[in-house]
$ cat coords-v2.cif   # mmCIF, C-alpha atoms
data_run
#
loop_
_atom_site.label_atom_id
_atom_site.label_comp_id
_atom_site.auth_asym_id
_atom_site.auth_seq_id
_atom_site.Cartn_x
_atom_site.Cartn_y
_atom_site.Cartn_z
CA MET T 1411 0.00 0.00 0.00
CA CYS T 1412 1.31 3.43 -0.90
CA ILE T 1413 1.30 6.13 1.73
CA ARG T 1414 2.00 9.79 1.17
CA ASP T 1415 5.39 10.79 2.56
CA ARG T 1416 3.94 13.50 4.76
CA SER T 1417 1.59 10.91 6.31
CA ARG T 1418 4.38 8.55 7.36
CA ASN T 1419 5.46 8.48 10.99
CA GLU T 1420 8.49 6.17 11.05
CA ALA T 1421 11.99 7.47 11.50
CA ARG T 1422 13.81 8.28 8.27
CA PRO T 1423 17.47 8.70 9.14
CA VAL T 1424 19.87 10.41 6.79
CA SER T 1425 23.27 8.90 6.10
CA THR T 1426 26.18 10.20 4.06
CA ILE T 1427 29.14 8.73 2.26
CA SER T 1428 32.60 10.21 2.55
CA PRO T 1429 36.22 9.08 2.35
CA SER T 1430 35.85 7.67 5.86
CA CYS T 1431 32.53 5.99 5.02
CA PRO T 1432 32.83 5.27 1.29
CA GLY T 1433 30.13 3.93 -0.94
CA THR T 1434 31.26 3.28 -4.49
CA GLU T 1435 27.89 2.00 -5.67
CA LEU T 1436 25.92 4.89 -4.16
CA ALA T 1437 28.30 7.47 -5.59
CA ALA T 1438 28.23 5.85 -9.04
CA ASP T 1439 24.41 5.81 -9.04
CA SER T 1440 24.39 9.48 -8.05
CA ALA T 1441 26.82 10.34 -10.86
CA SER T 1442 24.59 8.47 -13.35
CA ALA T 1443 21.53 10.41 -12.21
CA LEU T 1444 23.22 13.81 -12.39
CA ALA T 1445 24.82 13.10 -15.78
CA SER T 1446 21.51 11.95 -17.28
CA ILE T 1447 19.72 15.01 -15.88
CA ALA T 1448 22.30 17.29 -17.50
CA LEU T 1449 21.88 15.53 -20.85
CA VAL T 1450 18.09 15.75 -20.67
CA LEU T 1451 18.23 19.44 -19.76
CA LYS T 1452 20.54 20.11 -22.70
CA LEU T 1453 18.25 18.19 -25.06
CA PHE T 1454 14.99 19.79 -24.01
CA GLU T 1455 16.00 23.22 -22.74
CA GLY T 1456 19.11 23.95 -24.78
CA SER T 1457 20.96 26.98 -23.55
CA SER T 1458 18.15 28.26 -21.32
CA SER T 1459 19.36 26.11 -18.42
CA THR T 1460 23.11 26.15 -19.06
CA SER T 1461 23.95 27.15 -15.50
CA LEU T 1462 21.98 24.23 -14.03
CA GLN T 1463 23.43 21.85 -16.64
CA LYS T 1464 26.97 22.85 -15.71
CA LYS T 1465 26.26 22.37 -12.00
CA CYS T 1466 24.88 18.88 -12.66
CA VAL T 1467 27.84 18.00 -14.89
CA LEU T 1468 30.46 19.20 -12.44
CA ALA T 1469 28.76 17.39 -9.55
CA ALA T 1470 28.48 14.21 -11.66
CA ALA T 1471 32.17 14.37 -12.59
CA GLN T 1472 33.28 14.96 -9.00
CA ILE T 1473 31.07 12.18 -7.65
CA TYR T 1474 32.20 9.77 -10.37
CA ALA T 1475 35.83 10.55 -9.51
CA PHE T 1476 35.02 9.75 -5.85
CA ALA T 1477 33.28 6.51 -6.88
CA ASN T 1478 36.13 5.47 -9.14
CA GLY T 1479 38.75 6.20 -6.47
CA PRO T 1480 39.38 3.68 -3.71
CA LYS T 1481 36.49 1.31 -4.31
CA LYS T 1482 34.63 0.11 -1.26
CA GLN T 1483 31.15 -1.28 -0.97
CA THR T 1484 28.83 0.77 1.22
CA VAL T 1485 27.55 -2.16 3.27
CA ASN T 1486 31.06 -3.10 4.34
CA GLN T 1487 31.84 0.42 5.47
CA CYS T 1488 28.66 2.15 6.64
CA VAL T 1489 26.46 0.09 8.93
CA PRO T 1490 23.47 2.51 9.03
CA VAL T 1491 22.99 2.14 5.28
CA THR T 1492 22.77 -1.65 5.17
CA ASN T 1493 19.08 -1.73 6.11
CA PHE T 1494 18.19 0.46 3.13
CA TYR T 1495 20.67 -0.33 0.39
CA GLU T 1496 22.76 -3.40 -0.15
CA SER T 1497 24.30 -4.28 -3.49
CA TYR T 1498 24.34 -8.06 -3.30
CA LYS T 1499 25.61 -9.77 -6.44
CA SER T 1500 27.58 -7.25 -8.41
CA VAL T 1501 29.11 -5.36 -5.50
CA PHE T 1502 29.71 -2.05 -7.35
CA VAL T 1503 31.00 -3.08 -10.78
CA ASP T 1504 27.68 -2.59 -12.55
CA GLU T 1505 27.04 0.82 -11.02
CA LEU T 1506 30.49 2.03 -12.12
CA ALA T 1507 29.96 0.69 -15.63
CA PHE T 1508 26.53 2.32 -15.93
CA ALA T 1509 27.89 5.62 -14.61
CA GLY T 1510 30.81 5.37 -17.04
CA THR T 1511 28.43 5.21 -20.00
CA TRP T 1512 26.61 8.36 -18.85
CA MET T 1513 29.87 10.18 -18.21
CA HIS T 1514 31.11 9.19 -21.66
CA ASP T 1515 27.95 10.73 -23.15
CA LEU T 1516 28.66 13.95 -21.28
CA GLN T 1517 32.23 13.90 -22.53
CA THR T 1518 31.36 13.29 -26.18
CA ASN T 1519 27.90 14.77 -26.75
CA THR T 1520 28.17 18.07 -24.94
CA ASN T 1521 30.72 20.73 -24.30
CA LEU T 1522 29.67 20.90 -20.67
CA LEU T 1523 32.81 19.13 -19.37
CA SER T 1524 35.13 21.37 -21.37
CA GLY T 1525 37.19 23.68 -19.24
CA THR T 1526 37.17 21.28 -16.30
CA SER T 1527 39.82 18.83 -15.20
CA TYR T 1528 37.35 16.05 -16.09
CA ALA T 1529 37.12 16.94 -19.79
CA THR T 1530 39.67 14.47 -21.13
CA SER T 1531 41.42 12.84 -18.22
CA PRO T 1532 39.12 9.90 -17.32
CA ASN T 1533 38.54 7.22 -19.88
CA TYR T 1534 34.91 6.63 -19.03
CA LEU T 1535 34.06 4.33 -21.92
CA ASN T 1536 36.99 1.95 -21.44
CA ASN T 1537 36.22 1.74 -17.73
CA ALA T 1538 32.63 0.80 -18.52
CA LYS T 1539 33.62 -1.80 -21.13
CA ALA T 1540 36.18 -3.40 -18.84
CA ALA T 1541 33.67 -3.64 -16.02
CA VAL T 1542 31.06 -5.62 -17.94
CA VAL T 1543 33.12 -7.59 -20.48
CA ASN T 1544 32.81 -10.98 -18.78
CA THR T 1545 29.59 -10.50 -16.86
CA TYR T 1546 26.27 -12.09 -17.69
CA SER T 1547 22.91 -10.72 -16.72
CA TYR T 1548 19.41 -11.38 -17.99
CA ALA T 1549 17.49 -8.44 -16.51
CA MET T 1550 18.06 -4.96 -15.21
CA GLY T 1551 17.05 -4.21 -11.66
CA TRP T 1552 17.87 -2.07 -8.67
CA ASP T 1553 20.78 -4.37 -7.83
CA ASN T 1554 22.01 -5.13 -11.33
CA LYS T 1555 22.74 -2.52 -13.97
CA VAL T 1556 24.92 -4.70 -16.21
CA VAL T 1557 22.16 -4.98 -18.83
CA GLY T 1558 21.69 -1.21 -18.84
CA ALA T 1559 25.41 -0.64 -19.21
CA LYS T 1560 25.67 -3.17 -22.03
CA ILE T 1561 22.71 -1.62 -23.88
CA ARG T 1562 24.24 1.82 -23.55
CA LEU T 1563 27.59 0.46 -24.78
CA TYR T 1564 26.01 -1.18 -27.82
#

$ encode --input "coords-v2.cif" --output "C-alpha cells"
Amino acid sequence: MCIRDRSRNEARPVSTISPSCPGTELAADSASALASIALVLKLFEGSSSTSLQKKCVLAAAQIYAFANGPKKQTVNQCVPVTNFYESYKSVFVDELAFAGTWMHDLQTNTNLLSGTSYATSPNYLNNAKAAVVNTYSYAMGWDNKVVGAKIRLY
C-alpha cells in the first residue's frame, strides 16, 4: 500500500558517504543520475538552463571521480545504510559501468565538461567496457545494472 510521505510516521534517518565511510555504488548511481539530468536538460531546454546543466555536470564528474577512487562497498563500510541499500551480487561493478556510460555521453555529446579537469582525463568508456566484459545478466534491476550498461555500450 502506498502512503504519502507526509503521512508517514516512522523514522527516516539520513546517512552520508565520505572518504571515511565510502560507498562506491551509491556514488556511481548518483553520478549516473546527475549526468543523465544534465543531458536531458541540454536536449529539451538547450541553452536556457546552461547554469543548471553545468552544476549537474560538475557534480556528476566529481562524484564519479570519488566513486572510481578507492572502491569500497557501502555495506562493508557504513552500517546505518545496510538496512536500506545493499548491493548483493555485483558489489559495485555494474554501477560504475553504468555511470561510465553516462559520463562518456557527457564527454562526447556536450561541451559541458570542457574547461574542467574532467574533460579528457578519465577514460569513461573503457572503464565501462572493462567492467562488464565478462559478466552475464538477464534483466536490469535495482541491484544489477549490467544490462543497462551493455545496452548503452552497444

$ atom_distance --input "coords-v2.cif" --atom1 "atom CA of T:Tyr1474" --atom2 "atom CA of T:Ser1442"
8.3 Å

$ residues_around --input "coords-v2.cif" --residues "T:Asp1439" --least-positions-apart "5" --cutoff "10 Å" --atoms "all atoms listed in the file" --output "PDB file with C-alpha atoms, in the coordinates of the input"
ATOM      1  CA  THR T1434      31.260   3.280  -4.490  1.00  0.00           C
ATOM      2  CA  LEU T1444      23.220  13.810 -12.390  1.00  0.00           C
ATOM      3  CA  ALA T1445      24.820  13.100 -15.780  1.00  0.00           C
ATOM      4  CA  ALA T1470      28.480  14.210 -11.660  1.00  0.00           C
ATOM      5  CA  ILE T1473      31.070  12.180  -7.650  1.00  0.00           C
ATOM      6  CA  TYR T1474      32.200   9.770 -10.370  1.00  0.00           C
ATOM      7  CA  ALA T1477      33.280   6.510  -6.880  1.00  0.00           C
ATOM      8  CA  PHE T1502      29.710  -2.050  -7.350  1.00  0.00           C
ATOM      9  CA  ASP T1504      27.680  -2.590 -12.550  1.00  0.00           C
ATOM     10  CA  GLU T1505      27.040   0.820 -11.020  1.00  0.00           C
ATOM     11  CA  LEU T1506      30.490   2.030 -12.120  1.00  0.00           C
ATOM     12  CA  PHE T1508      26.530   2.320 -15.930  1.00  0.00           C
ATOM     13  CA  ALA T1509      27.890   5.620 -14.610  1.00  0.00           C
ATOM     14  CA  LYS T1555      22.740  -2.520 -13.970  1.00  0.00           C
TER      15      LYS T1555
END

$ resolve_selection --input "coords-v2.cif" --expression "the PyMOL selection byres ((chain T and resi 1429) around 10)" --output "VMD selection string"
chain T and resid 1427 to 1428 1430 to 1433 1476 1479 to 1480 1482

$ write_last_selection --input "coords-v2.cif" --atoms "C-alpha atoms" --output "PDB file, in the frame of the given file"
ATOM      1  CA  ILE T1427      29.140   8.730   2.260  1.00  0.00           C
ATOM      2  CA  SER T1428      32.600  10.210   2.550  1.00  0.00           C
ATOM      3  CA  SER T1430      35.850   7.670   5.860  1.00  0.00           C
ATOM      4  CA  CYS T1431      32.530   5.990   5.020  1.00  0.00           C
ATOM      5  CA  PRO T1432      32.830   5.270   1.290  1.00  0.00           C
ATOM      6  CA  GLY T1433      30.130   3.930  -0.940  1.00  0.00           C
ATOM      7  CA  PHE T1476      35.020   9.750  -5.850  1.00  0.00           C
ATOM      8  CA  GLY T1479      38.750   6.200  -6.470  1.00  0.00           C
ATOM      9  CA  PRO T1480      39.380   3.680  -3.710  1.00  0.00           C
ATOM     10  CA  LYS T1482      34.630   0.110  -1.260  1.00  0.00           C
TER      11      LYS T1482
END

$ atom_distance --input "coords-v2.cif" --atom1 "atom CA of T:Val1542" --atom2 "atom CA of T:Val1556"
6.4 Å

$ axis_aligned_box --input "coords-v2.cif" --around "stretch 1441-1449 of chain T" --padding-each-side "6 Å" --output "JSON"
{"center_x": 23.3, "center_y": 12.9, "center_z": -15.9, "size_x": 19.1, "size_y": 20.8, "size_z": 22.0}

$ resolve_selection --input "coords-v2.cif" --expression "the PyMOL selection byres ((chain T and resi 1515-1521) around 9)" --output "PyMOL selection string"
chain T and resi 1445-1446+1448-1449+1452+1467+1510-1514+1522-1525+1528-1530+1534-1535

$ atom_distance --input "coords-v2.cif" --atom1 "atom CA of T:Ser1417" --atom2 "atom CA of T:Leu1436"
27.2 Å

$ closest_residue --input "coords-v2.cif" --among "T:Ala1507, T:Ala1559, T:Val1450, T:Ala1443" --to "T:Ala1541" --atoms "all atoms listed in the file"
T:Ala1507

$ closest_residue --input "coords-v2.cif" --among "T:Lys1464, T:Arg1414, T:Arg1422, T:Arg1562" --to "T:Ile1447" --atoms "all atoms listed in the file"
T:Lys1464
